[in-house]
Amino acid sequence: MKEFDFIRRYLYRSQADADVLLGIGDDAAIVRPRAGYDLCFSSDMLLKNRHFFENVAPADLAHKVLAVNISDMAAMGAAPRWALLSAGLPQLQESWLVEFCDSLFALARRFGVTLIGGDTTKGDLAFNVTIIGELPQGRALRRDAAQIGDDVWVSGRLGLAAAALHHHWQTFALPDAVFDLCEQVRLRPEPRVALGQALLPFARAAQDISDGLAQDLGHILQASGMGAEIFAEEVPTLPQLRDNLDKTALYGCVLAGGDDYELVFTAPQSCRGAVLEAGRASDTPVTRIGRITEGCGRLNISDAAGRPVVLASLGFDHFE
């Protein structure tokens, strides 16, 4: 199969989007944003043996390639609209392409994303997605907006994807049933778009958790010029992980593991009821885990007895 046969057969799928004036098939796409909205842009690269294992199923890989980008839109409170996909593929194997593209477009349809372009070349399994979203003018959830006294919240449960990775790496062994639950989260993260949009009226700062809670919350603290106090035992995770891991391993996964693509966000204490309602409305569990304090970039994490929690690493380093 030739490159342009692949593009025509698998990527050029008709999607009803009146705001796409020109999609795949020209030198550039043309979209028309709606009046009264700002555009959000984000880009993520995923590489074989750095972000995914070589033997990953193509359907799982496609889901994650797009989901991690949609998660960036969720963190801003934006609605994902358009995406460009660039891919390096070692060969154009039809059965692999069918599974990959069916999964990619299934997720795109679910979140209202239209694929409008990109690039393909022969290479060693590398993917880059640029995603564009919309949100009402001036309403973005930014990293630099946290204020002293804000509550710190997270969505979902943390540490599952990291625990699955450590099981693969044989750092520790999980029971089969626990590993299966964690592996599903690692392979198929669920972007929290509905929650991000529900938080727009009252939340202050937000970030998606891709590289570890401590590290990603640290980005909010640095940008806002604030500190935070986090209570480790309040951070939600899979109960079976608490049962099967020692504290060092557990805290490493839950506080610094990453790859769960949940949201960490801040909101005024007066909005606790509104946050809980946003969670209910978006069918997303939300948990209050700490508060914003003084001290630019200073993050204090304590255990149930009030003792400091010391982490070997705050999160994933892309050049480590």
# chains A, B, ... in the order shown; residues from 1 in each chain; ligands from 1
$ select_by_dssp --residues "range 82-252 of chain A" --states "alpha helix (DSSP H)" --output "count of residues only"
70
$ residues_around --residues "Pro201 in chain A" --least-positions-apart "5" --cutoff "12 Å" --atoms "only C-alpha atoms" --output "list in words"
Gly77, Leu135, Pro136, Gly138, Arg139, Ala140, Leu141, Leu195, Gly196, Ala267, Pro268, Cys271, Ala274, Val275 and Ala278 of chain A
$ write_last_selection --atoms "N, CA, C and O atoms" --output "PDB file, in the first residue's frame"
ATOM      1  N   GLY A  77     -10.637  23.205  30.499  1.00  0.00           N
ATOM      2  CA  GLY A  77     -12.077  23.439  30.469  1.00  0.00           C
ATOM      3  C   GLY A  77     -12.606  23.617  29.061  1.00  0.00           C
ATOM      4  O   GLY A  77     -13.715  24.127  28.860  1.00  0.00           O
ATOM      5  N   LEU A 135     -13.255  27.288  23.957  1.00  0.00           N
ATOM      6  CA  LEU A 135     -13.911  27.570  25.226  1.00  0.00           C
ATOM      7  C   LEU A 135     -14.358  29.022  25.227  1.00  0.00           C
ATOM      8  O   LEU A 135     -13.807  29.852  24.483  1.00  0.00           O
ATOM      9  N   PRO A 136     -15.367  29.367  26.036  1.00  0.00           N
ATOM     10  CA  PRO A 136     -15.853  30.749  26.057  1.00  0.00           C
ATOM     11  C   PRO A 136     -14.723  31.720  26.353  1.00  0.00           C
ATOM     12  O   PRO A 136     -13.837  31.434  27.156  1.00  0.00           O
ATOM     13  N   GLY A 138     -12.023  34.080  27.563  1.00  0.00           N
ATOM     14  CA  GLY A 138     -11.538  34.479  28.875  1.00  0.00           C
ATOM     15  C   GLY A 138     -11.881  33.555  30.011  1.00  0.00           C
ATOM     16  O   GLY A 138     -11.699  33.911  31.181  1.00  0.00           O
ATOM     17  N   ARG A 139     -12.310  32.322  29.722  1.00  0.00           N
ATOM     18  CA  ARG A 139     -12.807  31.432  30.777  1.00  0.00           C
ATOM     19  C   ARG A 139     -11.910  30.229  31.033  1.00  0.00           C
ATOM     20  O   ARG A 139     -12.312  29.308  31.745  1.00  0.00           O
ATOM     21  N   ALA A 140     -10.713  30.189  30.510  1.00  0.00           N
ATOM     22  CA  ALA A 140      -9.876  28.997  30.618  1.00  0.00           C
ATOM     23  C   ALA A 140      -9.472  28.722  32.063  1.00  0.00           C
ATOM     24  O   ALA A 140      -9.291  29.633  32.866  1.00  0.00           O
ATOM     25  N   LEU A 141      -9.312  27.431  32.383  1.00  0.00           N
ATOM     26  CA  LEU A 141      -8.707  27.006  33.647  1.00  0.00           C
ATOM     27  C   LEU A 141      -7.192  26.993  33.439  1.00  0.00           C
ATOM     28  O   LEU A 141      -6.669  26.117  32.770  1.00  0.00           O
ATOM     29  N   LEU A 195     -16.070  17.074  33.123  1.00  0.00           N
ATOM     30  CA  LEU A 195     -15.743  17.687  34.405  1.00  0.00           C
ATOM     31  C   LEU A 195     -15.068  19.032  34.198  1.00  0.00           C
ATOM     32  O   LEU A 195     -15.411  20.023  34.854  1.00  0.00           O
ATOM     33  N   GLY A 196     -14.081  19.092  33.301  1.00  0.00           N
ATOM     34  CA  GLY A 196     -13.394  20.354  33.056  1.00  0.00           C
ATOM     35  C   GLY A 196     -14.345  21.469  32.686  1.00  0.00           C
ATOM     36  O   GLY A 196     -14.239  22.596  33.192  1.00  0.00           O
ATOM     37  N   ALA A 267     -10.050  25.205  43.871  1.00  0.00           N
ATOM     38  CA  ALA A 267     -11.307  25.960  43.909  1.00  0.00           C
ATOM     39  C   ALA A 267     -11.460  26.568  45.296  1.00  0.00           C
ATOM     40  O   ALA A 267     -10.955  26.011  46.283  1.00  0.00           O
ATOM     41  N   PRO A 268     -12.150  27.695  45.414  1.00  0.00           N
ATOM     42  CA  PRO A 268     -12.367  28.292  46.731  1.00  0.00           C
ATOM     43  C   PRO A 268     -13.114  27.340  47.666  1.00  0.00           C
ATOM     44  O   PRO A 268     -13.938  26.527  47.220  1.00  0.00           O
ATOM     45  N   CYS A 271     -16.813  26.884  47.438  1.00  0.00           N
ATOM     46  CA  CYS A 271     -17.377  26.183  46.276  1.00  0.00           C
ATOM     47  C   CYS A 271     -17.344  24.665  46.425  1.00  0.00           C
ATOM     48  O   CYS A 271     -17.484  23.948  45.433  1.00  0.00           O
ATOM     49  N   ALA A 274     -20.364  23.075  45.015  1.00  0.00           N
ATOM     50  CA  ALA A 274     -20.399  23.186  43.560  1.00  0.00           C
ATOM     51  C   ALA A 274     -19.454  22.184  42.905  1.00  0.00           C
ATOM     52  O   ALA A 274     -19.767  21.616  41.853  1.00  0.00           O
ATOM     53  N   VAL A 275     -18.283  21.952  43.518  1.00  0.00           N
ATOM     54  CA  VAL A 275     -17.346  20.964  42.969  1.00  0.00           C
ATOM     55  C   VAL A 275     -17.970  19.574  43.008  1.00  0.00           C
ATOM     56  O   VAL A 275     -17.910  18.815  42.027  1.00  0.00           O
ATOM     57  N   ALA A 278     -20.491  19.300  40.339  1.00  0.00           N
ATOM     58  CA  ALA A 278     -19.852  19.154  39.034  1.00  0.00           C
ATOM     59  C   ALA A 278     -19.404  17.717  38.811  1.00  0.00           C
ATOM     60  O   ALA A 278     -19.516  17.181  37.704  1.00  0.00           O
TER      61      ALA A 278
END
$ closest_atom_pairs --of "range 158-177 of chain A" --to "range 236-254 of chain A" --cutoff "6 Å" --atoms "only C-alpha atoms" --output "tab-separated table"
residue	atom	partner	partner_atom	distance
A:Leu158	CA	A:Thr237	CA	5.0
A:Gly159	CA	A:Val254	CA	3.9
A:Ala162	CA	A:Cys253	CA	5.3
A:Ala163	CA	A:Cys253	CA	5.9
$ closest_residue --among "A:Asp119, A:Asp317, A:Asp283, A:Glu234" --to "Gly257 in chain A" --atoms "only C-alpha atoms"
A:Asp317
$ residues_around --residues "Tyr261 in chain A" --least-positions-apart "2" --cutoff "6 Å" --atoms "only C-alpha atoms" --output "list in words"
Asp208, Ile209, Ser210 and Asp259 of chain A
$ residues_around --residues "Ser224 in chain A" --least-positions-apart "2" --cutoff "8 Å" --atoms "only C-alpha atoms" --output "list in words"
Arg143, Asp144, Ala145, Ala146, Gln147, Ile220, Leu221, Gln222, Met226 and Cys296 of chain A
$ write_last_selection --atoms "all heavy atoms" --output "mmCIF file, in the first residue's frame"
data_model
loop_
_atom_site.group_PDB
_atom_site.id
_atom_site.type_symbol
_atom_site.label_atom_id
_atom_site.label_comp_id
_atom_site.auth_asym_id
_atom_site.auth_seq_id
_atom_site.Cartn_x
_atom_site.Cartn_y
_atom_site.Cartn_z
ATOM 1 N N ARG A 143 -3.003 27.397 34.801
ATOM 2 C CA ARG A 143 -2.144 26.978 35.913
ATOM 3 C C ARG A 143 -1.821 28.123 36.872
ATOM 4 O O ARG A 143 -1.452 27.868 38.016
ATOM 5 C CB ARG A 143 -0.828 26.413 35.373
ATOM 6 C CG ARG A 143 -0.960 25.142 34.568
ATOM 7 C CD ARG A 143 0.406 24.695 34.094
ATOM 8 N NE ARG A 143 0.332 23.502 33.260
ATOM 9 C CZ ARG A 143 1.392 22.901 32.713
ATOM 10 N NH1 ARG A 143 2.602 23.410 32.912
ATOM 11 N NH2 ARG A 143 1.245 21.819 31.974
ATOM 12 N N ASP A 144 -1.934 29.347 36.428
ATOM 13 C CA ASP A 144 -1.432 30.481 37.208
ATOM 14 C C ASP A 144 -2.504 31.172 38.049
ATOM 15 O O ASP A 144 -2.311 32.313 38.466
ATOM 16 C CB ASP A 144 -0.770 31.509 36.285
ATOM 17 C CG ASP A 144 -1.733 32.109 35.262
ATOM 18 O OD1 ASP A 144 -2.928 31.725 35.239
ATOM 19 O OD2 ASP A 144 -1.291 32.968 34.469
ATOM 20 N N ALA A 145 -3.615 30.497 38.339
ATOM 21 C CA ALA A 145 -4.735 31.180 38.986
ATOM 22 C C ALA A 145 -5.039 30.695 40.398
ATOM 23 O O ALA A 145 -6.010 31.150 41.018
ATOM 24 C CB ALA A 145 -5.993 31.038 38.122
ATOM 25 N N ALA A 146 -4.259 29.749 40.955
ATOM 26 C CA ALA A 146 -4.524 29.260 42.315
ATOM 27 C C ALA A 146 -4.305 30.384 43.325
ATOM 28 O O ALA A 146 -3.439 31.238 43.150
ATOM 29 C CB ALA A 146 -3.615 28.081 42.638
ATOM 30 N N GLN A 147 -5.117 30.365 44.400
ATOM 31 C CA GLN A 147 -5.018 31.385 45.443
ATOM 32 C C GLN A 147 -4.929 30.731 46.815
ATOM 33 O O GLN A 147 -5.437 29.612 47.025
ATOM 34 C CB GLN A 147 -6.220 32.321 45.390
ATOM 35 C CG GLN A 147 -6.323 33.128 44.102
ATOM 36 C CD GLN A 147 -7.468 34.120 44.116
ATOM 37 O OE1 GLN A 147 -7.960 34.513 45.179
ATOM 38 N NE2 GLN A 147 -7.892 34.541 42.933
ATOM 39 N N ILE A 220 1.350 23.983 38.787
ATOM 40 C CA ILE A 220 0.364 24.971 39.228
ATOM 41 C C ILE A 220 0.974 25.890 40.277
ATOM 42 O O ILE A 220 0.807 27.114 40.232
ATOM 43 C CB ILE A 220 -0.895 24.271 39.780
ATOM 44 C CG1 ILE A 220 -1.656 23.569 38.644
ATOM 45 C CG2 ILE A 220 -1.806 25.263 40.504
ATOM 46 C CD1 ILE A 220 -2.873 22.792 39.111
ATOM 47 N N LEU A 221 1.704 25.314 41.222
ATOM 48 C CA LEU A 221 2.282 26.107 42.304
ATOM 49 C C LEU A 221 3.310 27.100 41.767
ATOM 50 O O LEU A 221 3.340 28.268 42.178
ATOM 51 C CB LEU A 221 2.914 25.189 43.345
ATOM 52 C CG LEU A 221 1.990 24.152 43.981
ATOM 53 C CD1 LEU A 221 2.728 23.358 45.044
ATOM 54 C CD2 LEU A 221 0.732 24.796 44.558
ATOM 55 N N GLN A 222 4.162 26.649 40.863
ATOM 56 C CA GLN A 222 5.163 27.548 40.290
ATOM 57 C C GLN A 222 4.496 28.675 39.497
ATOM 58 O O GLN A 222 4.878 29.849 39.620
ATOM 59 C CB GLN A 222 6.118 26.760 39.393
ATOM 60 C CG GLN A 222 7.074 25.850 40.138
ATOM 61 C CD GLN A 222 8.162 26.620 40.885
ATOM 62 O OE1 GLN A 222 8.393 27.800 40.638
ATOM 63 N NE2 GLN A 222 8.836 25.940 41.810
ATOM 64 N N MET A 226 2.476 29.950 44.487
ATOM 65 C CA MET A 226 1.861 29.447 45.713
ATOM 66 C C MET A 226 2.537 28.163 46.183
ATOM 67 O O MET A 226 3.335 27.565 45.462
ATOM 68 C CB MET A 226 0.362 29.174 45.475
ATOM 69 C CG MET A 226 -0.447 30.407 45.146
ATOM 70 S SD MET A 226 -0.569 31.494 46.569
ATOM 71 C CE MET A 226 -0.998 33.039 45.762
ATOM 72 N N CYS A 296 6.120 29.955 47.221
ATOM 73 C CA CYS A 296 6.154 29.648 45.796
ATOM 74 C C CYS A 296 6.797 28.288 45.520
ATOM 75 O O CYS A 296 7.977 28.073 45.809
ATOM 76 C CB CYS A 296 6.912 30.739 45.049
ATOM 77 S SG CYS A 296 6.986 30.471 43.264
#
$ decode --residues "range 233-286 of chain A" --atoms "C-alpha atoms" --output "PDB file, in the first residue's frame"
ATOM      1  CA  GLU A 233      -3.988   9.199  52.669  1.00  0.00           C
ATOM      2  CA  GLU A 234      -6.748  11.369  51.163  1.00  0.00           C
ATOM      3  CA  VAL A 235      -5.510  10.854  47.609  1.00  0.00           C
ATOM      4  CA  PRO A 236      -7.938   8.330  46.054  1.00  0.00           C
ATOM      5  CA  THR A 237      -6.612   5.099  44.620  1.00  0.00           C
ATOM      6  CA  LEU A 238      -7.672   1.511  44.094  1.00  0.00           C
ATOM      7  CA  PRO A 239      -8.221  -0.058  47.543  1.00  0.00           C
ATOM      8  CA  GLN A 240      -6.461  -3.237  46.402  1.00  0.00           C
ATOM      9  CA  LEU A 241      -3.278  -1.230  45.839  1.00  0.00           C
ATOM     10  CA  ARG A 242      -3.316  -0.123  49.483  1.00  0.00           C
ATOM     11  CA  ASP A 243      -3.759  -3.789  50.433  1.00  0.00           C
ATOM     12  CA  ASN A 244      -0.955  -5.128  48.234  1.00  0.00           C
ATOM     13  CA  LEU A 245       1.777  -2.473  48.261  1.00  0.00           C
ATOM     14  CA  ASP A 246       4.008  -1.166  51.009  1.00  0.00           C
ATOM     15  CA  LYS A 247       3.897   2.560  51.722  1.00  0.00           C
ATOM     16  CA  THR A 248       6.965   3.400  49.668  1.00  0.00           C
ATOM     17  CA  ALA A 249       5.642   1.664  46.550  1.00  0.00           C
ATOM     18  CA  LEU A 250       2.118   2.946  47.097  1.00  0.00           C
ATOM     19  CA  TYR A 251       3.149   6.574  47.520  1.00  0.00           C
ATOM     20  CA  GLY A 252       5.480   6.286  44.538  1.00  0.00           C
ATOM     21  CA  CYS A 253       2.588   5.207  42.317  1.00  0.00           C
ATOM     22  CA  VAL A 254      -0.157   7.425  43.709  1.00  0.00           C
ATOM     23  CA  LEU A 255       1.812  10.628  44.303  1.00  0.00           C
ATOM     24  CA  ALA A 256       4.440  10.472  41.559  1.00  0.00           C
ATOM     25  CA  GLY A 257       3.402   7.780  39.081  1.00  0.00           C
ATOM     26  CA  GLY A 258       1.457   9.646  36.417  1.00  0.00           C
ATOM     27  CA  ASP A 259      -0.152   8.301  33.238  1.00  0.00           C
ATOM     28  CA  ASP A 260      -3.648   8.311  34.775  1.00  0.00           C
ATOM     29  CA  TYR A 261      -4.756  11.521  32.977  1.00  0.00           C
ATOM     30  CA  GLU A 262      -6.993  12.635  35.804  1.00  0.00           C
ATOM     31  CA  LEU A 263      -7.365  16.320  36.735  1.00  0.00           C
ATOM     32  CA  VAL A 264      -5.859  18.159  39.690  1.00  0.00           C
ATOM     33  CA  PHE A 265      -7.528  21.517  40.281  1.00  0.00           C
ATOM     34  CA  THR A 266      -8.100  24.222  42.866  1.00  0.00           C
ATOM     35  CA  ALA A 267     -11.307  25.960  43.909  1.00  0.00           C
ATOM     36  CA  PRO A 268     -12.367  28.292  46.731  1.00  0.00           C
ATOM     37  CA  GLN A 269     -13.533  26.605  49.941  1.00  0.00           C
ATOM     38  CA  SER A 270     -16.918  28.257  49.447  1.00  0.00           C
ATOM     39  CA  CYS A 271     -17.377  26.183  46.276  1.00  0.00           C
ATOM     40  CA  ARG A 272     -17.092  22.711  47.819  1.00  0.00           C
ATOM     41  CA  GLY A 273     -20.734  21.951  47.128  1.00  0.00           C
ATOM     42  CA  ALA A 274     -20.399  23.186  43.560  1.00  0.00           C
ATOM     43  CA  VAL A 275     -17.346  20.964  42.969  1.00  0.00           C
ATOM     44  CA  LEU A 276     -19.206  17.919  44.258  1.00  0.00           C
ATOM     45  CA  GLU A 277     -22.171  18.772  42.041  1.00  0.00           C
ATOM     46  CA  ALA A 278     -19.852  19.154  39.034  1.00  0.00           C
ATOM     47  CA  GLY A 279     -18.529  15.690  39.783  1.00  0.00           C
ATOM     48  CA  ARG A 280     -22.038  14.261  39.955  1.00  0.00           C
ATOM     49  CA  ALA A 281     -23.146  16.053  36.794  1.00  0.00           C
ATOM     50  CA  SER A 282     -20.139  14.764  34.843  1.00  0.00           C
ATOM     51  CA  ASP A 283     -20.286  11.289  36.433  1.00  0.00           C
ATOM     52  CA  THR A 284     -16.733  11.788  37.719  1.00  0.00           C
ATOM     53  CA  PRO A 285     -15.566  11.090  41.288  1.00  0.00           C
ATOM     54  CA  VAL A 286     -13.825  14.113  42.846  1.00  0.00           C
TER      55      VAL A 286
END
